[in-house]
Amino acid sequence: MQIVAAFRILAGKRQRSAFAAAFWNCLRADAPLYLAVALYTVLGLAFLDVTGFSHLATYSSYLGKWLMVFGFVFPAVALLAHYGFLMHRFDRRRQLAARHIFRADRAAYFVAGICLLMALMFFQGTFTSVKNGLSAWQAGFPYERQFADIDAMLHFGVDPWRFLFEFGRHDWLLAFVEWNYGVLWFVFCFGALFYVVTSRQTETIRTRYLMTFMLTWILVGNIMAGIFLCAGPAFYGQVTGDPARFAEQMAFLAQNAEFDGSAAYYQNYLWMLYEKGLPGFGSGISAFPSMHVGLVMLNALFLLERSRLLGLAAMAYVVFVLASSVYLAWHYAVDGYAAIALTIVVYFAMRRWIPDRARLAAAERPGLAESGVMASSAA
């Protein structure tokens with residue numbers, strides 16, 4: 001009832017006017033981000049056109065899923081979380097608290113965030129389209145053997161998946177790792193994206209986070225992937241003509257091949273699209289560097305700014321995802337190492353280039369004490 005009352009207040013003429021003004025201000029502040037998405041999309045489509053692979057552009061495959069996740073599921077979860085906070089935190093004055101939580105400027109910020117997320121749907125579509133074009137443009141995967149050999153050299157002359165299989169060859173563990181890699185990873189990474197874009201609590205880092213997010217996708221997932229095109233252990237046999245090297249690993253993974261959430265199922269799906277030259281959701285084969293590892297590393301770095309405990313837990317998750325990528329034959333370990341190093345470079349470059357809004361505001365008030373600046377930055 002408190003939320004209904006708050007939305008009734010928003011329907012008032014004065015509140016509608018305040019909402020419109022706040023929404024317009026949010027859109028203006030986000031203009032550089034929209035411009036970055038538009039520029040990347042134009043350059044991506046130009047690349048596909050020049051290389052003759054315009055038919056590999058894939059945007060429609062993201063439409064339904066993206067709208068469902070960012071237009072309905074995450075907003076509904078956020079609304080329920082706010083309602084739960086009201087019911088748990090306030091015994092009295094819930095209506096007053098609801099008016100504060102759902103006031104016009106907060107609602108405008110939230111809706112503007114949803115609009116920005118819809119623009120990022122085109123960003124992700126462009127990423128996959130360019131990835132499709134890269135794997136079609138290159139004549140095969142010229143660095144496959146080199147990456148596999150470097151990986152073994154770094155791990156005492158042994159392919160690292162063999163170390164994992166010494167204790168990890170269990171059906172229940174395979175099911176858990178596949179669920180984490182295929183489901184929980186998306187909830188964590190894209191849930192974090194939704195939270196940063198729509199919550200006022202992360203307003204000070206919002207622009208920097210999004211620019212870091214986008215540049216990581218571009219540098220790690222497009223540029224470096226295009227320079228060092230590599231298919232990964234799952235496709236090593238098809239690419240090199242030597243199926244024996246990873247045969248034992250692939251045989252273990254194949255037991256879940258009929259389940260659409262399994263690594264083997266999705267690997268078969270990707271290879272089918274690659275062979276037929278078709279675009280699809282998440283299509284395009286490139287293993288180096290690992291975007292799975294890169295994104296969790298990015299979130300771990302930002303969490304370290306807020307909490308050492310949460311940051312260390314996130315770093316442990318980075319290690320788990322890296323090991324999972326090797327265990328499931330998606331990546332060589334070196335793919336994860338490179339992703340971590342590149343993400344760190346992007347993170348610190350963006351931290352230097354795009355200061356937090358709180359630090360900018362503090363810099364405009366020279367009389368502010370240093371301790372106040374630090375407190376403002378951490379808020």
# chains A, B, ... in the order shown; residues from 1 in each chain; ligands from 1
call {"tool": "residues_around", "arguments": {"residues": "A:Leu278", "least_positions_apart": "5", "cutoff": "12 Å", "atoms": "only C-alpha atoms", "output": "number ranges by chain"}}
result
A: 53-58, 61, 128-129, 132-133, 135-136, 269-273, 283-285
call {"tool": "select_by_dssp", "arguments": {"residues": "stretch 81-300 of chain A", "states": "alpha helix (DSSP H)", "output": "PyMOL selection string"}}
result
chain A and resi 81-89+94-101+104-137+144-154+161-168+171-179+185-198+206-216+224-227+236-240+247-253+263-276+291-300
call {"tool": "residues_around", "arguments": {"residues": "A:Val319", "least_positions_apart": "3", "cutoff": "12 Å", "atoms": "only C-alpha atoms", "output": "JSON, numbers by chain"}}
result
{"A": [292, 293, 294, 296, 297, 300, 312, 313, 314, 315, 316, 322, 323, 324, 325, 326, 333, 336, 337, 340]}
call {"tool": "atom_distance", "arguments": {"atom1": "atom CA of A:Ser17", "atom2": "atom CA of A:Leu80"}}
result
26.1 Å
call {"tool": "residues_around", "arguments": {"residues": "A:Gly241", "least_positions_apart": "4", "cutoff": "12 Å", "atoms": "only C-alpha atoms", "output": "ChimeraX atom specification"}}
result
/A:141,144-145,235-237,245-247
call {"tool": "atom_distance", "arguments": {"atom1": "atom CA of A:Phe302", "atom2": "atom CA of A:Arg103"}}
result
28.0 Å
call {"tool": "closest_atom_pairs", "arguments": {"of": "stretch 228-329 of chain A", "to": "stretch 199-203 of chain A", "cutoff": "12 Å", "atoms": "only C-alpha atoms", "output": "CSV"}}
result
residue,atom,partner,partner_atom,distance
A:Phe302,CA,A:Thr202,CA,10.7
A:Leu303,CA,A:Thr202,CA,11.3
A:Glu305,CA,A:Thr202,CA,11.7
A:Arg306,CA,A:Thr202,CA,10.4
call {"tool": "write_last_selection", "arguments": {"atoms": "N, CA and C atoms", "output": "short mmCIF file (atom, residue, chain, number, x, y, z; two decimals), in the first residue's frame"}}
result
data_model
loop_
_atom_site.label_atom_id
_atom_site.label_comp_id
_atom_site.auth_asym_id
_atom_site.auth_seq_id
_atom_site.Cartn_x
_atom_site.Cartn_y
_atom_site.Cartn_z
N PHE A 302 36.10 -2.98 -8.45
CA PHE A 302 35.20 -1.94 -7.94
C PHE A 302 34.72 -2.27 -6.53
N LEU A 303 34.51 -3.55 -6.24
CA LEU A 303 34.10 -3.93 -4.89
C LEU A 303 35.20 -3.64 -3.87
N GLU A 305 37.00 -1.14 -3.80
CA GLU A 305 36.90 0.27 -3.43
C GLU A 305 35.94 0.47 -2.27
N ARG A 306 34.94 -0.39 -2.19
CA ARG A 306 33.88 -0.23 -1.19
C ARG A 306 34.15 -1.01 0.09
#
call {"tool": "residues_around", "arguments": {"residues": "A:Phe110", "least_positions_apart": "2", "cutoff": "9 Å", "atoms": "only C-alpha atoms", "output": "PyMOL selection string"}}
result
chain A and resi 23+105-108+112-115+197-200
call {"tool": "closest_residue", "arguments": {"among": "A:Pro243, A:His331, A:Tyr209, A:Gln249", "to": "A:Glu166", "atoms": "only C-alpha atoms"}}
result
A:Gln249
call {"tool": "atom_distance", "arguments": {"atom1": "atom CA of A:Tyr40", "atom2": "atom CA of A:Tyr332"}}
result
28.4 Å
